[in-house]
Amino acid sequence: MKAMILAAGKGTRVRPITYRIPKPMIPILQKPVMEFLVELLRLHGVDQIMVNVSHLAKEIEDYFRDGQKFGVDIAYSFEGRIEDGNLIGDALGSAGGMRRIQDFYPYFDDTFIVLCGDALIDLDLTAALKWHKEKGSMATVIMKSIPREQVSSYGVVVTDETGRIQSFQEKPKVEEALSTDINTGIYIFEPEVLDYIPSGVEFDIGSQLFPKLVEIGAPFYGVAMDFEWVDIGKVPDYWRAIRDVLQGQVKNVSIPGKEVSPGIYTGLNVAVNWDKVDIEGPVYIGGMTRIEDGAKIVGPTMIGPNCWICSGATVDSSVIFEYSRLGPGVRLVDKLVFGRYCVDKTGASIDVQAAALDWLITDTRHPFPSAPPVEHETIKDILQENGG
């Protein structure tokens, strides 16, 4: 069976991570989120996967290659061009990407699945496919029911009593929402749906293809299913994904490494004196990371490989990417550290290098910075206060 993973977006709302990591490659405890999707597809009998790529395409292609090491076949449709020796992304939109593949050579010749490449899910795809076929649907949207107070953050799907889709509402006000079922970006299509997508132009599934299907009265349905779904569309969503995995709420995602004590997992060769640090799970610590005596770590927290947490530092409910060094006494609460950036849960970031704070947070591969000038203590105090 065939599927397509949508992986061409720039991920502007997840910056600064997506400056150098495409959204599908954002790691969930050291494994790219798209790898979980590939594993899920394979589990449900899908072994042919097309991926449209654009922004940082090489990162995705170099990791997944032809898919053989993941037990599937993968091919790529690049949307863009080369200018002055550089790959320039020029995405065609989710539906336009499907049309481009079909115009190249008819790939979609039977029922197929389309997934957004930046969501963590544990959906029963087999049950969804069965429902789609029993309905005789041309297009099926997999929905999820959410509390009414959350509808203003999502695209709402309105269906009749048979499940037939009547209309959509994009992030409606709570009092104006006609449904509490939301679009999860997981679709099941028949090849005929491609007849309604124009060639060679940017075209979107949600905002352009779906309204067209409603307009023509196509057999177009939505089914609400009970499953874990974390769309990593924004930095706060990434926090939720890490938290849910560490707390065991996503069925098909296990915590890697070895559980050295309840709720505390480590990779290989972590340097730590367990009786001289204060660690409260759930916590994952990547391999070749050093935790100095006197450090405090409070979960849910992920610390990547090759990090260095200095004495007196506190890491509380935070995500620390690989090769990060946190200086003595640094206190991070609800923060994400990625390279030279420190990001809070709203997505607001500080460039620690530009702010002359690299003596607080730096790369472990750089020499340890000298003691900061006295005037920098004020900046440090501000950062600590913002951290809670």
# chains A, B, ... in the order shown; residues from 1 in each chain; ligands from 1
$ closest_atom_pairs --of "region 61-145 of chain A" --to "region 151-166 of chain A" --cutoff "12 Å" --atoms "only C-alpha atoms" --output "Markdown table"
| residue | atom | partner | partner_atom | distance |
| --- | --- | --- | --- | --- |
| A:Trp131 | CA | A:Gly163 | CA | 10.7 |
| A:His132 | CA | A:Gly163 | CA | 10.7 |
| A:Lys135 | CA | A:Gly163 | CA | 9.2 |
| A:Gly136 | CA | A:Arg164 | CA | 11.2 |
| A:Ser137 | CA | A:Arg164 | CA | 9.2 |
| A:Met138 | CA | A:Arg164 | CA | 11.1 |
| A:Ala139 | CA | A:Ile165 | CA | 9.9 |
| A:Thr140 | CA | A:Ile165 | CA | 9.0 |
| A:Val141 | CA | A:Val157 | CA | 8.8 |
| A:Ile142 | CA | A:Val157 | CA | 10.0 |
| A:Met143 | CA | A:Val157 | CA | 7.7 |
| A:Lys144 | CA | A:Val157 | CA | 9.6 |
| A:Ser145 | CA | A:Val151 | CA | 9.5 |
$ write_last_selection --atoms "N, CA and C atoms" --output "compact mmCIF listing (two decimals), in the first residue's frame"
# COMPACT_ATOMS: atom_id res chain seq x y z
N TRP A 131 -12.90 2.00 7.80
CA TRP A 131 -14.03 2.93 7.84
C TRP A 131 -14.16 3.66 6.50
N HIS A 132 -13.03 4.12 5.96
CA HIS A 132 -13.02 4.83 4.67
C HIS A 132 -13.63 3.98 3.57
N LYS A 135 -17.44 3.35 3.84
CA LYS A 135 -18.22 4.53 3.48
C LYS A 135 -18.24 4.78 1.97
N GLY A 136 -17.34 4.16 1.24
CA GLY A 136 -17.22 4.47 -0.18
C GLY A 136 -16.74 5.89 -0.39
N SER A 137 -15.87 6.34 0.49
CA SER A 137 -15.42 7.74 0.48
C SER A 137 -14.34 7.99 -0.56
N MET A 138 -14.38 9.15 -1.20
CA MET A 138 -13.28 9.58 -2.06
C MET A 138 -12.17 10.19 -1.23
N ALA A 139 -12.55 10.89 -0.17
CA ALA A 139 -11.59 11.54 0.72
C ALA A 139 -12.12 11.47 2.14
N THR A 140 -11.24 11.09 3.06
CA THR A 140 -11.62 10.99 4.47
C THR A 140 -10.62 11.78 5.31
N VAL A 141 -11.14 12.62 6.18
CA VAL A 141 -10.31 13.37 7.13
C VAL A 141 -10.38 12.66 8.48
N ILE A 142 -9.23 12.30 9.03
CA ILE A 142 -9.19 11.73 10.37
C ILE A 142 -9.26 12.89 11.36
N MET A 143 -10.28 12.88 12.19
CA MET A 143 -10.52 13.98 13.11
C MET A 143 -10.23 13.52 14.55
N LYS A 144 -10.14 14.50 15.42
CA LYS A 144 -10.01 14.24 16.84
C LYS A 144 -10.91 15.20 17.58
N SER A 145 -11.66 14.68 18.55
CA SER A 145 -12.54 15.52 19.35
C SER A 145 -11.74 16.13 20.49
$ residues_around --residues "region 230-242 of chain A" --least-positions-apart "5" --cutoff "8 Å" --atoms "only C-alpha atoms" --output "PyMOL selection string"
chain A and resi 11+13-15+23+28-29+118-121+184+300-302+318-319+345-347
$ write_last_selection --atoms "N, CA and C atoms" --output "mmCIF file, in the first residue's frame"
data_model
loop_
_atom_site.group_PDB
_atom_site.id
_atom_site.type_symbol
_atom_site.label_atom_id
_atom_site.label_comp_id
_atom_site.auth_asym_id
_atom_site.auth_seq_id
_atom_site.Cartn_x
_atom_site.Cartn_y
_atom_site.Cartn_z
ATOM 1 N N GLY A 11 8.518 25.456 8.425
ATOM 2 C CA GLY A 11 8.459 25.383 9.879
ATOM 3 C C GLY A 11 8.797 26.687 10.562
ATOM 4 N N ARG A 13 7.164 28.587 12.480
ATOM 5 C CA ARG A 13 6.692 28.764 13.858
ATOM 6 C C ARG A 13 7.490 27.932 14.860
ATOM 7 N N VAL A 14 8.436 27.132 14.364
ATOM 8 C CA VAL A 14 9.257 26.333 15.274
ATOM 9 C C VAL A 14 10.702 26.817 15.235
ATOM 10 N N ARG A 15 10.912 28.030 14.730
ATOM 11 C CA ARG A 15 12.248 28.603 14.784
ATOM 12 C C ARG A 15 12.591 28.927 16.237
ATOM 13 N N LYS A 23 11.321 20.455 9.946
ATOM 14 C CA LYS A 23 10.362 19.998 10.952
ATOM 15 C C LYS A 23 10.252 18.477 11.061
ATOM 16 N N ILE A 28 12.436 13.586 18.701
ATOM 17 C CA ILE A 28 11.665 13.238 19.894
ATOM 18 C C ILE A 28 12.501 12.195 20.637
ATOM 19 N N LEU A 29 13.213 12.625 21.659
ATOM 20 C CA LEU A 29 14.138 11.753 22.381
ATOM 21 C C LEU A 29 15.100 11.072 21.407
ATOM 22 N N ASP A 118 5.143 16.268 10.489
ATOM 23 C CA ASP A 118 5.605 16.892 11.734
ATOM 24 C C ASP A 118 4.654 16.638 12.898
ATOM 25 N N ALA A 119 3.967 15.487 12.876
ATOM 26 C CA ALA A 119 3.042 15.166 13.960
ATOM 27 C C ALA A 119 3.403 13.820 14.576
ATOM 28 N N LEU A 120 3.243 13.746 15.881
ATOM 29 C CA LEU A 120 3.480 12.508 16.619
ATOM 30 C C LEU A 120 2.130 11.868 16.885
ATOM 31 N N ILE A 121 1.908 10.664 16.338
ATOM 32 C CA ILE A 121 0.589 10.034 16.437
ATOM 33 C C ILE A 121 0.729 8.547 16.755
ATOM 34 N N THR A 184 -6.754 16.774 11.806
ATOM 35 C CA THR A 184 -5.435 16.382 12.310
ATOM 36 C C THR A 184 -4.363 16.336 11.221
ATOM 37 N N PRO A 300 9.238 16.839 33.751
ATOM 38 C CA PRO A 300 9.752 16.168 32.550
ATOM 39 C C PRO A 300 10.817 17.014 31.844
ATOM 40 N N THR A 301 11.980 16.409 31.675
ATOM 41 C CA THR A 301 13.111 17.108 31.057
ATOM 42 C C THR A 301 13.871 16.155 30.152
ATOM 43 N N MET A 302 14.304 16.672 29.006
ATOM 44 C CA MET A 302 15.178 15.922 28.110
ATOM 45 C C MET A 302 16.495 16.671 27.983
ATOM 46 N N SER A 318 12.480 21.293 31.073
ATOM 47 C CA SER A 318 13.132 21.927 29.927
ATOM 48 C C SER A 318 13.648 20.893 28.939
ATOM 49 N N VAL A 319 14.009 21.388 27.764
ATOM 50 C CA VAL A 319 14.560 20.548 26.697
ATOM 51 C C VAL A 319 15.916 21.127 26.316
ATOM 52 N N LYS A 345 8.587 28.948 26.567
ATOM 53 C CA LYS A 345 7.479 28.121 26.079
ATOM 54 C C LYS A 345 6.519 28.870 25.167
ATOM 55 N N THR A 346 6.668 30.188 25.066
ATOM 56 C CA THR A 346 5.837 30.930 24.115
ATOM 57 C C THR A 346 6.490 31.008 22.745
ATOM 58 N N GLY A 347 7.766 30.596 22.671
ATOM 59 C CA GLY A 347 8.513 30.677 21.427
ATOM 60 C C GLY A 347 9.457 31.864 21.372
#
$ select_by_dssp --residues "region 175-210 of chain A" --states "helix (DSSP H, G or I)" --output "PyMOL selection string"
chain A and resi 175-176+191-196+205-210
$ residues_around --residues "Ser311 (chain A)" --least-positions-apart "2" --cutoff "6 Å" --atoms "only C-alpha atoms" --output "ChimeraX atom specification"
/A:292-295,313,328
$ write_last_selection --atoms "all heavy atoms" --output "compact mmCIF listing (two decimals), in the first residue's frame"
# COMPACT_ATOMS: atom_id res chain seq x y z
N GLU A 292 27.52 17.50 36.62
CA GLU A 292 28.44 17.73 37.74
C GLU A 292 27.72 17.63 39.09
O GLU A 292 26.50 17.80 39.19
CB GLU A 292 29.09 19.11 37.61
CG GLU A 292 30.11 19.20 36.48
CD GLU A 292 30.87 20.53 36.50
OE1 GLU A 292 30.53 21.40 37.34
OE2 GLU A 292 31.79 20.68 35.68
N ASP A 293 28.50 17.36 40.13
CA ASP A 293 27.96 17.31 41.49
C ASP A 293 27.26 18.62 41.83
O ASP A 293 27.74 19.71 41.48
CB ASP A 293 29.09 17.08 42.50
CG ASP A 293 29.80 15.75 42.32
OD1 ASP A 293 29.33 14.95 41.48
OD2 ASP A 293 30.81 15.52 43.00
N GLY A 294 26.11 18.50 42.49
CA GLY A 294 25.39 19.69 42.90
C GLY A 294 24.38 20.20 41.89
O GLY A 294 23.67 21.17 42.16
N ALA A 295 24.29 19.57 40.72
CA ALA A 295 23.30 19.97 39.73
C ALA A 295 21.92 19.44 40.13
O ALA A 295 21.81 18.43 40.83
CB ALA A 295 23.68 19.46 38.35
N ALA A 313 23.84 24.16 38.65
CA ALA A 313 22.85 24.47 37.61
C ALA A 313 21.55 23.73 37.91
O ALA A 313 21.55 22.62 38.46
CB ALA A 313 23.37 24.10 36.23
N PRO A 328 27.88 27.17 35.66
CA PRO A 328 27.60 27.05 37.09
C PRO A 328 26.49 28.01 37.53
O PRO A 328 26.51 29.19 37.19
CB PRO A 328 28.94 27.42 37.74
CG PRO A 328 29.97 27.17 36.68
CD PRO A 328 29.30 27.50 35.39
$ residues_around --residues "Gly206 (chain A)" --least-positions-apart "4" --cutoff "12 Å" --atoms "only C-alpha atoms" --output "number ranges by chain"
A: 93-96, 116, 139, 141, 154-157, 167-170, 182-187, 210-214
$ atom_distance --atom1 "CA of Thr314 (chain A)" --atom2 "CA of Gly286 (chain A)"
16.9 Å
$ residues_around --residues "Met288 (chain A)" --least-positions-apart "3" --cutoff "10 Å" --atoms "only C-alpha atoms" --output "PyMOL selection string"
chain A and resi 266-271+285+291+304-308+323
$ write_last_selection --atoms "N, CA and C atoms" --output "PDB file, in the first residue's frame"
ATOM      1  N   THR A 266      18.972   6.931  30.772  1.00  0.00           N
ATOM      2  CA  THR A 266      20.220   7.488  30.259  1.00  0.00           C
ATOM      3  C   THR A 266      20.697   6.721  29.033  1.00  0.00           C
ATOM      4  N   GLY A 267      21.443   7.436  28.180  1.00  0.00           N
ATOM      5  CA  GLY A 267      22.156   6.806  27.093  1.00  0.00           C
ATOM      6  C   GLY A 267      23.470   6.246  27.608  1.00  0.00           C
ATOM      7  N   LEU A 268      24.384   5.966  26.704  1.00  0.00           N
ATOM      8  CA  LEU A 268      25.649   5.330  27.075  1.00  0.00           C
ATOM      9  C   LEU A 268      26.609   6.302  27.751  1.00  0.00           C
ATOM     10  N   ASN A 269      27.278   5.799  28.781  1.00  0.00           N
ATOM     11  CA  ASN A 269      28.444   6.459  29.364  1.00  0.00           C
ATOM     12  C   ASN A 269      28.154   7.870  29.868  1.00  0.00           C
ATOM     13  N   VAL A 270      27.054   8.022  30.555  1.00  0.00           N
ATOM     14  CA  VAL A 270      26.732   9.307  31.186  1.00  0.00           C
ATOM     15  C   VAL A 270      27.582   9.444  32.448  1.00  0.00           C
ATOM     16  N   ALA A 271      28.272  10.575  32.582  1.00  0.00           N
ATOM     17  CA  ALA A 271      29.160  10.811  33.722  1.00  0.00           C
ATOM     18  C   ALA A 271      28.408  11.543  34.821  1.00  0.00           C
ATOM     19  N   ILE A 285      18.559  11.504  29.763  1.00  0.00           N
ATOM     20  CA  ILE A 285      19.875  12.119  29.621  1.00  0.00           C
ATOM     21  C   ILE A 285      20.632  11.355  28.541  1.00  0.00           C
ATOM     22  N   ILE A 291      27.000  15.356  34.134  1.00  0.00           N
ATOM     23  CA  ILE A 291      26.222  16.101  35.120  1.00  0.00           C
ATOM     24  C   ILE A 291      27.112  16.277  36.348  1.00  0.00           C
ATOM     25  N   GLY A 304      20.005  16.288  25.870  1.00  0.00           N
ATOM     26  CA  GLY A 304      20.559  15.559  24.737  1.00  0.00           C
ATOM     27  C   GLY A 304      21.940  14.994  25.002  1.00  0.00           C
ATOM     28  N   PRO A 305      22.497  14.292  24.021  1.00  0.00           N
ATOM     29  CA  PRO A 305      23.833  13.723  24.173  1.00  0.00           C
ATOM     30  C   PRO A 305      24.920  14.795  24.147  1.00  0.00           C
ATOM     31  N   ASN A 306      26.063  14.451  24.741  1.00  0.00           N
ATOM     32  CA  ASN A 306      27.252  15.312  24.703  1.00  0.00           C
ATOM     33  C   ASN A 306      27.023  16.680  25.341  1.00  0.00           C
ATOM     34  N   CYS A 307      26.158  16.741  26.338  1.00  0.00           N
ATOM     35  CA  CYS A 307      25.929  17.979  27.068  1.00  0.00           C
ATOM     36  C   CYS A 307      26.797  18.009  28.334  1.00  0.00           C
ATOM     37  N   TRP A 308      26.799  19.163  28.986  1.00  0.00           N
ATOM     38  CA  TRP A 308      27.568  19.342  30.220  1.00  0.00           C
ATOM     39  C   TRP A 308      26.763  20.281  31.107  1.00  0.00           C
ATOM     40  N   TYR A 323      25.151  18.868  22.736  1.00  0.00           N
ATOM     41  CA  TYR A 323      26.346  19.729  22.804  1.00  0.00           C
ATOM     42  C   TYR A 323      26.080  21.066  23.502  1.00  0.00           C
TER      43      TYR A 323
END
$ atom_distance --atom1 "CA of Ala8 (chain A)" --atom2 "CA of Trp229 (chain A)"
20.2 Å
$ closest_residue --among "A:Leu360, A:Val33, A:Met4, A:Val277" --to "Val298 (chain A)" --atoms "only C-alpha atoms"
A:Val277
$ closest_residue --among "A:Ser254, A:Gln249, A:Asn273, A:Thr362" --to "Glu228 (chain A)" --atoms "only C-alpha atoms"
A:Gln249
$ atom_distance --atom1 "CA of Val333 (chain A)" --atom2 "CA of His366 (chain A)"
24.3 Å
$ residues_around --residues "Ile197 (chain A)" --least-positions-apart "6" --cutoff "10 Å" --atoms "only C-alpha atoms" --output "JSON, numbers by chain"
{"A": [95, 96, 97, 98, 99, 100, 203, 204, 205, 208, 209, 212]}
$ closest_residue --among "A:Cys342, A:Ile361, A:Val272, A:Met1" --to "Leu43 (chain A)" --atoms "only C-alpha atoms"
A:Met1
$ residues_around --residues "Lys133 (chain A)" --least-positions-apart "6" --cutoff "10 Å" --atoms "only C-alpha atoms" --output "ChimeraX atom specification"
/A:111,140,188,190
$ write_last_selection --atoms "N, CA, C and O atoms" --output "mmCIF file, in the first residue's frame"
data_model
loop_
_atom_site.group_PDB
_atom_site.id
_atom_site.type_symbol
_atom_site.label_atom_id
_atom_site.label_comp_id
_atom_site.auth_asym_id
_atom_site.auth_seq_id
_atom_site.Cartn_x
_atom_site.Cartn_y
_atom_site.Cartn_z
ATOM 1 N N THR A 111 -6.198 3.327 -3.188
ATOM 2 C CA THR A 111 -6.359 4.051 -1.930
ATOM 3 C C THR A 111 -4.993 4.376 -1.324
ATOM 4 O O THR A 111 -4.113 3.517 -1.263
ATOM 5 N N THR A 140 -11.245 11.087 3.059
ATOM 6 C CA THR A 140 -11.620 10.995 4.473
ATOM 7 C C THR A 140 -10.623 11.779 5.309
ATOM 8 O O THR A 140 -9.409 11.620 5.151
ATOM 9 N N ILE A 188 -7.130 10.055 4.069
ATOM 10 C CA ILE A 188 -7.178 8.866 3.211
ATOM 11 C C ILE A 188 -7.879 9.276 1.920
ATOM 12 O O ILE A 188 -8.980 9.845 1.964
ATOM 13 N N GLU A 190 -8.789 8.469 -2.409
ATOM 14 C CA GLU A 190 -8.831 7.665 -3.620
ATOM 15 C C GLU A 190 -8.159 8.468 -4.732
ATOM 16 O O GLU A 190 -8.168 9.715 -4.694
#
$ closest_residue --among "A:Phe36, A:Val260, A:Met50, A:Ala57" --to "Pro22 (chain A)" --atoms "only C-alpha atoms"
A:Ala57
